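Student: One structure follows; several queries about it will come next.
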Amino acid sequence: MPELPEVETVVRGLRDQIVGKKIQGVVLSDKKLRKQYPSNLSAIAGSRVVSVERRSKYILITLNNNDVIVVHLGMSGKLLFGSKIPENKHDHVKISLGSENLVYNDPRRFGLVTLIPANDLEKNELFCELGIEPLTDEFDYKYLKKLVKNKTGTIKTFIMNAKYIVGVGNIYASESLFYAGIDPMRKPSSLTDSELKKLVDSIKKVLIAAIDSGGSTLRDYVRSNGDVGGFQHEFAVYGKKGESCKLCGTKIAMVRIAGRSTFYCNKCQK
DNA sequence: CACACAACCTGCGAGC
DNA sequence: TGCTCGCAGGTTGTGT
């Protein structure tokens, strides 16, 4: 489910709700997520939440003991907060904060919940090889120009690779390339300066617009208060195989690139 | 090294 | 009603 806009939406919603609150206890399910829970996860009881932030598609909940609860939603993860969250199949982590609970639910268990000391975050294996945040000023066409040099493969898999740019997943890759007018199969090294500029611009615009709509809900994704997102109604190409391109009317095409469905207009995207 | 692909899981909709 | 098949917002390990 969750690409940068969805994770950012969860983070913004949670931040208002849990900063300053004290953790009373932690309950874990017996099934393991992508990684085993660390043995000291339950030891955070008694600590207070200092901040809630996002890095790449990870949610970072920093505590006043300098531990960071790291949550990744995988494909189907939900992080819900409230006083009356009903018990559900696939609940894996329940953190009580007074009368309210923070619950991690994930049917497919591709996500993870772990604990990393704040000082070790950057050198941790999950974070040490991550690329640039796309919604920063440092992400510009010059940055991309250096990286795409000699890169074969396709521009779509390139922009989805977190080693280069974080947060862009399968939906927003298709959407960004549509607005940039670039064929997803193009070789990264073949893009001109002007195309790289359009690509940077489109990625930023699409991600910001999606955040403004509270993310995209296909199936599982919800905000921390349970609300669904709205950006799925704004898709230009994703999931629209056979429908008319909103710019030129040509039927939207679908191909599989690196095993992922990819949608584009073969007239608007060259 | 750089890339393609399978594997990790469960659930759901389509088609028979 | 009930089966099987294919597919789903991600990441990572393996093989070429």
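Residue numbers start at 1 in each chain; chains themselves are named A, B, ... in the order of the structure tokens; ligands are numbered from 1 in the order shown.
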List as JSON lines every residue of chain A that is in contact with chain C, defined as an atom at most 7 Å from one of its atoms (using only C-alpha atoms (C1' of nucleotides)), together with the nearest atom pair and the distance in Å rounded to one decimal, sorted by chain and then rising number.

Tutor:
```
{"residue": "A:Met1", "atom": "CA", "partner": "C:DG9", "partner_atom": "C1'", "distance": 2.5}
{"residue": "A:Pro2", "atom": "CA", "partner": "C:DG9", "partner_atom": "C1'", "distance": 4.2}
{"residue": "A:Glu3", "atom": "CA", "partner": "C:DG9", "partner_atom": "C1'", "distance": 5.8}
{"residue": "A:Gly74", "atom": "CA", "partner": "C:DG10", "partner_atom": "C1'", "distance": 5.3}
{"residue": "A:Met75", "atom": "CA", "partner": "C:DG9", "partner_atom": "C1'", "distance": 5.7}
{"residue": "A:Gly169", "atom": "CA", "partner": "C:DG9", "partner_atom": "C1'", "distance": 7.0}
{"residue": "A:Asn170", "atom": "CA", "partner": "C:DG9", "partner_atom": "C1'", "distance": 7.0}
{"residue": "A:Ile171", "atom": "CA", "partner": "C:DG9", "partner_atom": "C1'", "distance": 6.9}
```

Student: Since we have the selection now, will you write its residues out, keeping N, CA and C atoms, as a short mmCIF file (atom, residue, chain, number, x, y, z; two decimals), in the first residue's frame?

Tutor:
```cif
data_model
loop_
_atom_site.label_atom_id
_atom_site.label_comp_id
_atom_site.auth_asym_id
_atom_site.auth_seq_id
_atom_site.Cartn_x
_atom_site.Cartn_y
_atom_site.Cartn_z
N MET A 1 0.78 -1.20 0.00
CA MET A 1 0.00 0.00 0.00
C MET A 1 0.82 1.26 0.00
N PRO A 2 1.74 1.42 0.81
CA PRO A 2 2.10 2.74 1.26
C PRO A 2 3.36 3.22 0.60
N GLU A 3 3.23 4.31 -0.10
CA GLU A 3 4.40 5.00 -0.62
C GLU A 3 4.58 6.26 0.22
N GLY A 74 5.00 -2.04 4.89
CA GLY A 74 5.01 -3.09 3.87
C GLY A 74 3.96 -2.82 2.81
N MET A 75 3.21 -3.85 2.44
CA MET A 75 2.15 -3.67 1.44
C MET A 75 0.79 -3.45 2.09
N GLY A 169 6.95 4.66 -5.13
CA GLY A 169 6.60 3.27 -5.36
C GLY A 169 5.88 3.09 -6.68
N ASN A 170 5.16 2.01 -6.80
CA ASN A 170 4.61 1.62 -8.10
C ASN A 170 3.53 2.56 -8.63
N ILE A 171 2.72 3.11 -7.75
CA ILE A 171 1.69 4.05 -8.21
C ILE A 171 2.31 5.36 -8.68
#
```

Student: Would you please give, as a PyMOL selection string, all residues of stretch 39-251 of chain A that DSSP assigns to strand (DSSP E or B) based on the backbone?

Tutor: chain A and resi 48-55+58-63+67-72+78-82+91-97+100-105+112-117+132+165+244+251

Student: Pick from A:Leu191, A:Leu177, A:Ala258, A:Val222: nearest to chain B, with only C-alpha atoms (C1' of nucleotides) counted?

Tutor: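 For chain B, the nearest of the given residues is A:Ala258.
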
Student: Could you write out as an mmCIF file with C-alpha atoms (C1' of nucleotides), in the first residue's frame the residues of chain B within 10 Å of chain A, counting only C-alpha atoms (C1' of nucleotides)?

Tutor:
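Now in part14.cif:
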```cif
data_model
loop_
_atom_site.group_PDB
_atom_site.id
_atom_site.type_symbol
_atom_site.label_atom_id
_atom_site.label_comp_id
_atom_site.auth_asym_id
_atom_site.auth_seq_id
_atom_site.Cartn_x
_atom_site.Cartn_y
_atom_site.Cartn_z
ATOM 1 C "C1'" DA B 2 24.075 -3.962 -12.358
ATOM 2 C "C1'" DC B 3 20.060 -5.877 -13.395
ATOM 3 C "C1'" DA B 4 15.980 -9.401 -13.487
ATOM 4 C "C1'" DC B 5 13.299 -12.261 -10.853
ATOM 5 C "C1'" DC B 8 8.160 -13.547 1.537
ATOM 6 C "C1'" DC B 9 2.441 -13.606 3.027
ATOM 7 C "C1'" DT B 10 -2.815 -13.162 3.015
ATOM 8 C "C1'" DG B 11 -7.043 -11.745 0.838
ATOM 9 C "C1'" DC B 12 -10.033 -10.697 -2.748
#
```

Student: Would you please extract all helix (DSSP H, G or I) residues from stretch 7-164 of chain A, as assigned by DSSP on the backbone, and give them as JSON, numbers by chain?

Tutor: {"A": [7, 8, 9, 10, 11, 12, 13, 14, 15, 16, 17, 18, 41, 42, 43, 44, 118, 119, 120, 141, 142, 143, 144, 145, 146, 147, 148, 155, 156, 157, 158, 159, 160]}

Student: Those residues with C-alpha atoms, as a PDB file, in the first residue's frame please?

Tutor:
```
ATOM      1  CA  VAL A   7       3.428   7.208   5.145  1.00  0.00           C
ATOM      2  CA  GLU A   8       3.654  10.996   5.430  1.00  0.00           C
ATOM      3  CA  THR A   9      -0.103  11.176   6.006  1.00  0.00           C
ATOM      4  CA  VAL A  10       0.087   8.588   8.774  1.00  0.00           C
ATOM      5  CA  VAL A  11       3.009  10.435  10.351  1.00  0.00           C
ATOM      6  CA  ARG A  12       1.243  13.813  10.323  1.00  0.00           C
ATOM      7  CA  GLY A  13      -1.887  12.320  11.805  1.00  0.00           C
ATOM      8  CA  LEU A  14      -0.027  10.494  14.541  1.00  0.00           C
ATOM      9  CA  ARG A  15       2.227  13.379  15.446  1.00  0.00           C
ATOM     10  CA  ASP A  16      -0.657  15.516  16.713  1.00  0.00           C
ATOM     11  CA  GLN A  17      -1.999  12.598  18.698  1.00  0.00           C
ATOM     12  CA  ILE A  18       0.899  10.920  20.448  1.00  0.00           C
ATOM     13  CA  LEU A  41      10.825  -3.803  22.405  1.00  0.00           C
ATOM     14  CA  SER A  42       8.712  -4.238  25.519  1.00  0.00           C
ATOM     15  CA  ALA A  43      11.261  -2.338  27.583  1.00  0.00           C
ATOM     16  CA  ILE A  44      10.087   1.010  26.165  1.00  0.00           C
ATOM     17  CA  ALA A 118      18.528   7.278  17.741  1.00  0.00           C
ATOM     18  CA  ASN A 119      22.289   7.593  17.420  1.00  0.00           C
ATOM     19  CA  ASP A 120      22.508   4.387  15.403  1.00  0.00           C
ATOM     20  CA  TYR A 141      17.917  17.534 -12.046  1.00  0.00           C
ATOM     21  CA  LYS A 142      21.632  17.907 -11.351  1.00  0.00           C
ATOM     22  CA  TYR A 143      21.402  15.271  -8.654  1.00  0.00           C
ATOM     23  CA  LEU A 144      19.575  12.958 -11.063  1.00  0.00           C
ATOM     24  CA  LYS A 145      21.916  13.726 -13.921  1.00  0.00           C
ATOM     25  CA  LYS A 146      24.914  12.389 -11.998  1.00  0.00           C
ATOM     26  CA  LEU A 147      23.046   9.246 -10.997  1.00  0.00           C
ATOM     27  CA  VAL A 148      21.529   8.253 -14.340  1.00  0.00           C
ATOM     28  CA  ILE A 155      13.698   4.861 -15.802  1.00  0.00           C
ATOM     29  CA  LYS A 156      10.709   3.470 -13.947  1.00  0.00           C
ATOM     30  CA  THR A 157      12.689   0.962 -11.918  1.00  0.00           C
ATOM     31  CA  PHE A 158      15.333   3.625 -11.430  1.00  0.00           C
ATOM     32  CA  ILE A 159      12.997   6.119  -9.744  1.00  0.00           C
ATOM     33  CA  MET A 160      11.512   3.307  -7.638  1.00  0.00           C
TER      34      MET A 160
END
```
